[in-house]
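Visitor: Enclosed is the structure file coords-v9.cif (mmCIF, C-alpha atoms).
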data_run
loop_
_atom_site.label_atom_id
_atom_site.label_comp_id
_atom_site.auth_asym_id
_atom_site.auth_seq_id
_atom_site.Cartn_x
_atom_site.Cartn_y
_atom_site.Cartn_z
CA MET M 1 -47.17 -4.78 12.03
CA GLY M 2 -45.00 -4.48 8.90
CA ASN M 3 -43.98 -1.13 7.43
CA GLY M 4 -46.40 -1.43 4.51
CA THR M 5 -49.27 -2.24 6.85
CA ALA M 6 -48.29 0.58 9.20
CA THR M 7 -48.22 3.06 6.31
CA ASP M 8 -51.61 1.83 5.08
CA LEU M 9 -53.04 2.17 8.60
CA ASP M 10 -51.63 5.70 8.93
CA ALA M 11 -53.29 6.67 5.63
CA THR M 12 -56.60 5.03 6.64
CA LEU M 13 -56.70 6.83 10.00
CA GLU M 14 -55.55 10.15 8.51
CA LYS M 15 -58.51 10.15 6.08
CA HIS M 16 -60.79 10.74 9.08
CA ARG M 17 -58.81 13.60 10.67
CA VAL M 18 -60.90 16.55 9.40
CA GLU M 19 -64.30 15.09 10.32
CA LEU M 20 -63.00 13.93 13.72
CA THR M 21 -61.59 17.42 14.36
CA GLY M 22 -65.00 18.88 13.51
CA TYR M 23 -66.65 16.48 15.97
CA CYS M 24 -64.18 17.17 18.79
CA TYR M 25 -64.36 20.92 18.14
CA ARG M 26 -68.16 20.89 18.52
CA MET M 27 -67.78 18.83 21.69
CA LEU M 28 -65.03 20.94 23.27
CA GLY M 29 -65.46 24.48 21.87
CA SER M 30 -61.68 24.83 21.59
CA SER M 31 -59.61 24.62 18.41
CA PHE M 32 -56.44 23.50 20.17
CA GLU M 33 -58.13 21.03 22.52
CA ALA M 34 -59.97 19.55 19.51
CA GLU M 35 -56.71 19.00 17.65
CA ASP M 36 -55.14 17.46 20.79
CA ALA M 37 -58.17 15.19 21.22
CA VAL M 38 -57.93 13.98 17.61
CA GLN M 39 -54.20 13.34 17.93
CA ASP M 40 -54.88 11.33 21.10
CA THR M 41 -57.69 9.43 19.29
CA LEU M 42 -55.47 8.50 16.34
CA VAL M 43 -52.59 7.42 18.61
CA ARG M 44 -54.96 5.22 20.66
CA ALA M 45 -56.40 3.76 17.45
CA TRP M 46 -52.94 3.05 16.07
CA ARG M 47 -51.82 1.35 19.28
CA GLY M 48 -55.07 -0.58 19.70
CA PHE M 49 -55.56 -1.60 16.08
CA ASP M 50 -54.55 -5.23 16.75
CA LYS M 51 -57.53 -5.44 19.15
CA PHE M 52 -59.95 -3.89 16.64
CA GLU M 53 -62.01 -6.86 15.56
CA GLY M 54 -63.92 -5.20 12.74
CA ARG M 55 -67.28 -5.59 14.47
CA SER M 56 -68.00 -2.00 13.45
CA SER M 57 -66.51 0.20 10.73
CA ILE M 58 -63.18 1.90 11.42
CA ARG M 59 -65.07 5.22 11.28
CA SER M 60 -67.50 4.19 14.07
CA TRP M 61 -64.61 2.84 16.12
CA LEU M 62 -62.71 6.13 15.77
CA TYR M 63 -65.79 8.12 16.81
CA ARG M 64 -66.15 5.90 19.90
CA ILE M 65 -62.53 6.58 20.89
CA ALA M 66 -62.91 10.33 20.14
CA THR M 67 -66.12 10.50 22.21
CA ASN M 68 -64.39 8.90 25.21
CA VAL M 69 -61.42 11.26 24.86
CA CYS M 70 -63.76 14.30 24.74
CA LEU M 71 -65.91 13.12 27.66
CA ASP M 72 -62.74 12.64 29.74
CA MET M 73 -61.59 16.17 28.82
CA LEU M 74 -65.04 17.58 29.69
CA ASN M 75 -65.05 16.00 33.16
CA ALA M 76 -63.41 19.18 34.42
CA GLY M 77 -66.83 20.75 33.81
CA ASN M 78 -65.57 23.79 31.93
CA LYS M 79 -68.11 25.32 29.52
CA ARG M 80 -66.56 27.61 26.95
CA ALA M 81 -68.59 30.72 26.20
CA ARG M 82 -68.79 34.05 24.39
CA PRO M 83 -68.57 37.32 26.36
CA MET M 84 -72.34 37.88 26.05
CA ASP M 85 -73.00 34.47 27.64
CA LEU M 86 -71.22 35.59 30.82
CA SER M 87 -72.23 39.20 31.51
CA GLU M 88 -74.39 42.14 30.46
CA SER M 89 -73.15 44.52 27.77
CA THR M 90 -71.08 47.44 29.04
CA PRO M 91 -71.98 51.06 28.22
CA LEU M 92 -69.09 52.78 26.45
CA ALA M 93 -68.55 55.19 29.36
CA GLN M 94 -67.68 52.22 31.61
CA ALA M 95 -65.69 50.21 29.05
CA ALA M 96 -62.61 48.56 30.55
CA LEU M 97 -60.50 45.79 29.09
CA SER M 98 -60.34 42.94 31.64
CA PRO M 99 -59.00 39.65 30.31
CA ARG M 100 -60.22 36.24 31.48
CA PRO M 101 -58.19 33.00 31.17
CA ASP M 102 -58.02 31.30 27.74
CA HIS M 103 -60.10 28.31 28.86
CA THR M 104 -63.09 30.64 29.41
CA TRP M 105 -63.65 31.34 25.74
CA LEU M 106 -65.19 29.62 22.76
CA GLU M 107 -62.39 29.63 20.18
CA PRO M 108 -62.46 30.28 16.41
CA MET M 109 -61.59 27.56 13.92
CA PRO M 110 -60.59 27.64 10.22
CA ASP M 111 -63.27 25.95 8.08
CA ALA M 112 -60.67 23.79 6.31
CA ARG M 113 -59.74 22.03 9.56
CA VAL M 114 -63.26 20.97 10.53
CA LEU M 115 -65.44 20.83 7.40
CA PRO M 116 -64.73 17.78 5.20
CA SER M 117 -65.28 18.40 1.49
CA THR M 118 -68.60 17.00 0.29
CA ALA M 119 -70.42 17.04 -3.04
CA ASP M 120 -73.79 17.35 -1.26
CA PRO M 121 -74.75 21.06 -0.86
CA ALA M 122 -77.34 20.29 1.86
CA GLU M 123 -74.78 18.32 3.89
CA ALA M 124 -72.23 21.12 3.46
CA ALA M 125 -74.77 23.72 4.64
CA VAL M 126 -75.63 21.71 7.79
CA ALA M 127 -71.92 21.25 8.57
CA LYS M 128 -71.26 25.01 8.22
CA GLU M 129 -74.25 26.00 10.32
CA SER M 130 -73.16 23.59 13.05
CA VAL M 131 -69.80 25.33 13.63
CA ARG M 132 -71.17 28.90 13.65
CA LEU M 133 -70.45 30.76 16.86
CA ALA M 134 -74.04 31.07 18.13
CA PHE M 135 -74.72 27.36 17.64
CA MET M 136 -71.34 26.37 19.11
CA ALA M 137 -72.05 28.53 22.19
CA ALA M 138 -75.45 26.84 22.60
CA LEU M 139 -73.88 23.37 22.32
CA GLN M 140 -71.51 24.21 25.18
CA GLN M 141 -74.53 24.66 27.49
CA LEU M 142 -75.55 21.01 27.07
CA PRO M 143 -74.28 18.27 29.42
CA PRO M 144 -71.46 16.37 27.64
CA LYS M 145 -73.45 13.19 26.79
CA GLN M 146 -76.43 15.19 25.46
CA ARG M 147 -73.96 17.21 23.41
CA ALA M 148 -72.52 14.02 21.88
CA VAL M 149 -76.00 12.64 21.12
CA LEU M 150 -77.17 15.87 19.48
CA ILE M 151 -74.03 16.18 17.32
CA LEU M 152 -74.11 12.53 16.22
CA ARG M 153 -77.86 12.42 15.53
CA GLU M 154 -78.66 15.90 14.18
CA ILE M 155 -75.43 16.99 12.51
CA LEU M 156 -73.74 13.74 11.48
CA ALA M 157 -77.07 11.94 10.83
CA TRP M 158 -76.23 8.75 12.75
CA LYS M 159 -79.12 6.38 13.55
CA ALA M 160 -80.28 6.17 17.18
CA SER M 161 -79.16 2.52 17.27
CA GLU M 162 -75.63 3.49 16.11
CA VAL M 163 -75.36 6.22 18.76
CA ALA M 164 -76.64 3.81 21.44
CA GLU M 165 -73.97 1.29 20.48
CA LEU M 166 -71.26 3.95 20.47
CA LEU M 167 -72.24 5.24 23.94
CA GLY M 168 -72.99 1.78 25.36
CA THR M 169 -76.57 2.71 26.17
CA SER M 170 -80.15 2.04 24.95
CA VAL M 171 -82.00 3.57 22.00
CA ALA M 172 -84.63 4.90 24.45
CA SER M 173 -81.89 6.64 26.44
CA VAL M 174 -80.45 8.19 23.25
CA ASN M 175 -83.89 9.44 22.15
CA SER M 176 -84.54 10.91 25.60
CA ALA M 177 -81.14 12.70 25.64
CA LEU M 178 -81.84 14.09 22.15
CA GLN M 179 -85.26 15.45 23.24
CA ARG M 180 -83.73 17.16 26.28
CA ALA M 181 -80.90 18.63 24.18
CA ARG M 182 -83.36 19.97 21.58
CA ALA M 183 -85.50 21.51 24.34
CA THR M 184 -82.48 23.30 25.84
CA LEU M 185 -81.46 24.69 22.43
CA ALA M 186 -85.05 25.79 21.71
CA GLU M 187 -85.14 27.67 25.05
CA ARG M 188 -81.97 29.54 24.16
CA GLY M 189 -83.48 30.53 20.82
CA ASP M 190 -80.36 32.32 19.52
CA THR M 191 -78.78 29.42 17.67
CA GLY M 192 -80.03 30.48 14.25
CA ALA M 193 -79.05 34.14 14.49
CA ASP M 194 -76.47 33.77 11.76
CA ALA M 195 -78.19 31.06 9.69
CA ALA M 196 -79.15 33.81 7.25
CA VAL M 197 -75.60 33.67 5.84
CA SER M 198 -75.96 31.80 2.54
CA ASP M 199 -73.36 29.38 1.22
CA PRO M 200 -71.80 30.60 -0.94
CA LEU M 201 -72.50 34.23 -0.08
CA ASP M 202 -75.18 35.76 -2.26
CA PRO M 203 -74.36 38.96 -4.24
CA GLU M 204 -75.97 41.21 -1.58
CA GLN M 205 -73.93 39.64 1.22
CA GLN M 206 -70.78 39.87 -0.90
CA LYS M 207 -71.48 43.57 -1.49
CA LEU M 208 -72.07 44.09 2.25
CA LEU M 209 -68.66 42.56 3.02
CA GLU M 210 -66.96 44.75 0.40
CA ARG M 211 -68.57 47.83 1.95
CA TYR M 212 -67.48 46.62 5.40
CA VAL M 213 -63.84 46.22 4.29
CA ALA M 214 -63.88 49.71 2.72
CA ALA M 215 -65.47 51.25 5.85
CA PHE M 216 -63.13 49.45 8.28
CA GLU M 217 -59.90 50.05 6.36
CA GLY M 218 -60.94 53.68 5.82
CA TYR M 219 -62.02 53.86 9.50
CA ASP M 220 -65.16 55.60 8.27
CA MET M 221 -67.58 55.40 11.21
CA THR M 222 -70.50 56.88 9.26
CA ALA M 223 -70.16 54.18 6.60
CA LEU M 224 -69.71 51.50 9.27
CA THR M 225 -72.80 52.65 11.19
CA ALA M 226 -74.88 52.24 8.02
CA LEU M 227 -73.84 48.55 7.86
CA LEU M 228 -74.52 47.65 11.50
CA HIS M 229 -77.81 46.28 12.79
CA GLU M 230 -79.26 48.43 15.61
CA ASP M 231 -78.63 45.52 18.03
CA ALA M 232 -75.21 44.60 16.61
CA VAL M 233 -72.73 43.26 19.15
CA MET M 234 -68.95 43.47 19.26
CA THR M 235 -66.79 41.11 21.36
CA MET M 236 -63.04 40.93 21.93
CA PRO M 237 -61.93 37.72 23.70
CA PRO M 238 -59.86 37.34 25.88
CA PHE M 239 -61.49 40.54 27.25
CA ASP M 240 -64.91 40.06 28.80
CA LEU M 241 -66.11 43.48 27.60
CA TRP M 242 -68.78 43.43 24.92
CA LEU M 243 -70.67 46.30 23.36
CA ARG M 244 -74.14 46.58 21.83
CA GLY M 245 -75.39 49.07 19.22
CA PRO M 246 -73.61 51.16 16.57
CA ALA M 247 -73.08 54.23 18.81
CA ASP M 248 -71.13 52.33 21.50
CA ILE M 249 -69.27 50.21 18.95
CA THR M 250 -68.08 53.12 16.82
CA GLY M 251 -67.46 55.18 19.97
CA PHE M 252 -65.15 52.44 21.24
CA MET M 253 -63.38 52.19 17.90
CA THR M 254 -62.54 55.91 17.88
CA THR M 255 -61.38 55.97 21.55
CA LEU M 256 -59.92 52.82 23.16
CA GLY M 257 -59.69 51.18 19.72
CA SER M 258 -58.28 54.14 17.81
CA ALA M 259 -54.93 52.41 17.13
CA CYS M 260 -56.83 50.28 14.57
CA ALA M 261 -57.25 53.24 12.20
CA GLY M 262 -55.45 52.46 8.95
CA SER M 263 -55.76 48.67 9.40
CA ARG M 264 -55.75 46.09 6.62
CA LEU M 265 -58.15 43.13 6.33
CA ARG M 266 -57.51 39.80 4.55
CA HIS M 267 -60.34 37.32 3.93
CA VAL M 268 -60.41 34.05 5.95
CA GLU M 269 -62.99 31.24 6.18
CA VAL M 270 -63.81 30.73 9.83
CA ASN M 271 -66.62 28.95 11.69
CA GLY M 272 -68.74 28.71 8.55
CA LEU M 273 -68.95 32.52 8.49
CA PRO M 274 -67.25 35.41 6.68
CA GLY M 275 -64.08 36.46 8.48
CA PHE M 276 -60.96 38.55 8.18
CA ALA M 277 -57.40 38.53 9.40
CA HIS M 278 -57.03 42.02 10.85
CA TYR M 279 -53.60 43.69 10.70
CA LYS M 280 -53.08 47.10 12.28
CA PRO M 281 -50.29 49.59 11.53
CA ASP M 282 -46.98 48.67 13.19
CA PRO M 283 -45.28 51.96 14.16
CA GLU M 284 -42.08 50.19 15.25
CA ALA M 285 -41.38 47.74 12.41
CA GLY M 286 -43.38 49.50 9.68
CA GLY M 287 -46.03 47.70 7.67
CA PHE M 288 -48.76 45.93 9.60
CA ALA M 289 -48.83 43.64 12.64
CA PRO M 290 -51.48 40.98 13.39
CA TRP M 291 -54.23 42.23 15.65
CA ALA M 292 -57.24 39.90 15.45
CA VAL M 293 -59.15 37.23 13.60
CA GLN M 294 -62.54 38.83 12.95
CA VAL M 295 -65.67 36.70 12.58
CA LEU M 296 -68.78 38.43 11.18
CA GLU M 297 -72.43 37.49 11.65
CA ILE M 298 -74.89 38.81 9.06
CA SER M 299 -78.67 38.90 9.00
CA GLU M 300 -81.15 40.74 6.76
CA GLY M 301 -78.50 42.76 4.97
CA ARG M 302 -76.81 44.05 8.14
CA ILE M 303 -73.91 43.00 10.35
CA THR M 304 -75.40 41.67 13.60
CA GLY M 305 -72.14 40.68 15.26
CA PHE M 306 -68.45 41.08 14.85
CA HIS M 307 -66.09 39.21 17.05
CA PHE M 308 -62.42 40.03 17.39
CA PHE M 309 -60.28 37.12 18.61
CA LEU M 310 -57.18 38.94 19.77
CA ASP M 311 -54.67 36.25 20.73
CA THR M 312 -52.82 36.49 17.44
CA LYS M 313 -49.80 34.39 18.48
CA ARG M 314 -52.21 31.44 18.65
CA TRP M 315 -54.71 32.27 15.91
CA PHE M 316 -52.59 33.47 13.02
CA PRO M 317 -50.42 30.30 12.78
CA LEU M 318 -53.58 28.16 13.11
CA PHE M 319 -55.01 29.95 10.05
CA GLY M 320 -51.68 29.82 8.18
CA LEU M 321 -51.47 33.63 8.21
CA PRO M 322 -48.25 35.68 8.05
CA LEU M 323 -47.19 37.47 11.25
CA HIS M 324 -46.32 40.66 9.36
CA LEU M 325 -47.65 42.48 6.29
CA GLU M 326 -45.42 44.87 4.37
CA ALA M 327 -46.78 48.31 3.56
CA GLU M 328 -48.36 48.36 0.08
CA SER M 329 -45.68 50.70 -1.32
CA ASP M 330 -42.94 48.20 -0.30
CA GLN M 331 -44.80 45.37 -2.02
CA VAL M 332 -45.19 47.41 -5.20
CA GLU M 333 -41.47 48.22 -5.25
CA GLU M 334 -40.51 44.57 -4.63
CA GLY M 335 -42.72 43.47 -7.52
CA MET M 336 -41.20 45.95 -9.97
#
Translate this file's structure into structure tokens.
Guide:
Amino acid sequence: MGNGTATDLDATLEKHRVELTGYCYRMLGSSFEAEDAVQDTLVRAWRGFDKFEGRSSIRSWLYRIATNVCLDMLNAGNKRARPMDLSESTPLAQAALSPRPDHTWLEPMPDARVLPSTADPAEAAVAKESVRLAFMAALQQLPPKQRAVLILREILAWKASEVAELLGTSVASVNSALQRARATLAERGDTGADAAVSDPLDPEQQKLLERYVAAFEGYDMTALTALLHEDAVMTMPPFDLWLRGPADITGFMTTLGSACAGSRLRHVEVNGLPGFAHYKPDPEAGGFAPWAVQVLEISEGRITGFHFFLDTKRWFPLFGLPLHLEAESDQVEEGM
């Protein structure tokens, strides 16, 4: 393979990176495993390109390789989850922070890494809805092959015959797997909890987020309570603790979570939902240190869920976020 050809092949394969990452992320529930799976897929494609006979498109061929990589990774049987998929909510009086290993948890993902740009608003909306946390958690409950069928048929709009060819099975088998997958998702019933978030956010939702930022940065629990749905949930992976209802949530924030008073929030696009990089005051270095990537779920003008992903050494670089914020007064002086 000459240099020119190799460069062309690199560019051709690279064009598919974002959509393949989105596919592997939905399959695996992990941002880092998805990126590893895509890297493995592209390396295998590069090495095996001489054997690619063009019987299908390069895109279909890449999806076949990616599917095999993901199915191999899923053989370990691990299902990533949210805290509320694993235990009952904890009353505030019994709240304790017990971490579980990283591989337990569904992980957040920046939109830009998994949502290819498209001019079709309907296609963009489906793509966003399909990486939202509730839907992602539901996907993880499906057996791996059903998961692949559902993603390829329902989200990526492949024909049953194309999916059958990719999986080396029959159209009848694909249709049966899709029916079973749909039935499982329908039983769960919580996959559309955050589908009320419009894209882009409507003026009411935008106003709700502005009020949330003001309430959180001001650590104003009365204002925050007014924004929370009565069944709102708060999670904090890697801890398995989760809380339900404004009283327990704000109670936690003013006790075990009181070090977050005076925090700063910066907008991020995560899992097709509104999100924030959360920096809390850094008493040692001054300014603000990373604390969490927050992902918010909204329905009917209220916040129904807010999820704090706390492993900042992993998340902040993934989102391209700085690992320190200067205090505002320092920034003003520097700009003078």
Visitor: Which neighbours of Arg188 of chain M fall inside 12 Å, counting all atoms listed in the file, when residues of the same chain fewer than 3 positions from it are skipped, and could you give them as a list in words?
Guide: Asp85, Ala134, Phe135, Ala137, Ala138, Leu139, Gln140, Gln141, Leu142, Ala181, Arg182, Ala183, Thr184, Leu185, Thr191, Gly192 and Ala193 of chain M
Visitor: For the provided coordinates, the residues matched by the PyMOL selection byres ((chain M and resi 167) around 9) should be stated as a ChimeraX atom specification.
Guide: /M:64,67-68,145,149,162-166,168-170,174
Visitor: The PyMOL selection byres ((chain M and resi 214-219) around 12) - which residues does that actually catch in the file I just gave you? List them as a ChimeraX atom specification.
Guide: /M:207-213,220-228,250-251,253-254,257-266,276,278-281,294,306
Visitor: Which residues fall under the PyMOL selection byres ((chain M and resi 24) around 9) in this file, as a ChimeraX atom specification?
Guide: /M:19-23,25-31,33-35,37-38,66-67,69-70
Visitor: Identify which of the residues M:Glu328, M:Asn271, M:Ala127, M:Gln39 lies closest to Asp111 of chain M, counting all atoms listed in the file when measuring atom-to-atom distances.
Guide: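 Of M:Glu328, M:Asn271, M:Ala127, M:Gln39, the one nearest Asp111 of chain M is M:Asn271, counting all atoms listed in the file.
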Visitor: Measuring atom to atom with only C-alpha atoms, identify which of M:Pro99, M:Gly305, M:Pro238, M:Pro121 is nearest to Gly275 of chain M.
Guide: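 Among M:Pro99, M:Gly305, M:Pro238, M:Pro121, it is M:Gly305 that comes nearest to Gly275 of chain M.
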Visitor: So for segment 94-99 of chain M, what box centre and size do we get, axis-aligned, 8 Å extra on each of the six sides, every listed atom, Å to one decimal, as JSON?
Guide:
{"center_x": -63.3, "center_y": 45.9, "center_z": 30.3, "size_x": 24.7, "size_y": 28.6, "size_z": 18.6}
Visitor: What residues have an atom no more than 10 Å from (-81.3, 43.9, 5.8) in the file's own frame, counting only C-alpha atoms, and can you write them as a ChimeraX atom specification?
Guide: /M:204-205,208,227-229,298-303
Visitor: What is the distance, in Å and to one decimal place, between atom CA of Leu62 of chain M and atom CA of Thr118 of chain M?
Guide: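 Value for the atom CA of Leu62 of chain M-atom CA of Thr118 of chain M distance: 19.8 Å.
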Visitor: Can you tell me how far atom CA of Val18 of chain M sits from atom CA of Asp36 of chain M, in Å to one decimal?
Guide: 12.8 Å
Visitor: Separation of atom CA of Ala11 of chain M and atom CA of Ala157 of chain M, in Å?
Guide: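 Separation between atom CA of Ala11 of chain M and atom CA of Ala157 of chain M: 24.9 Å.
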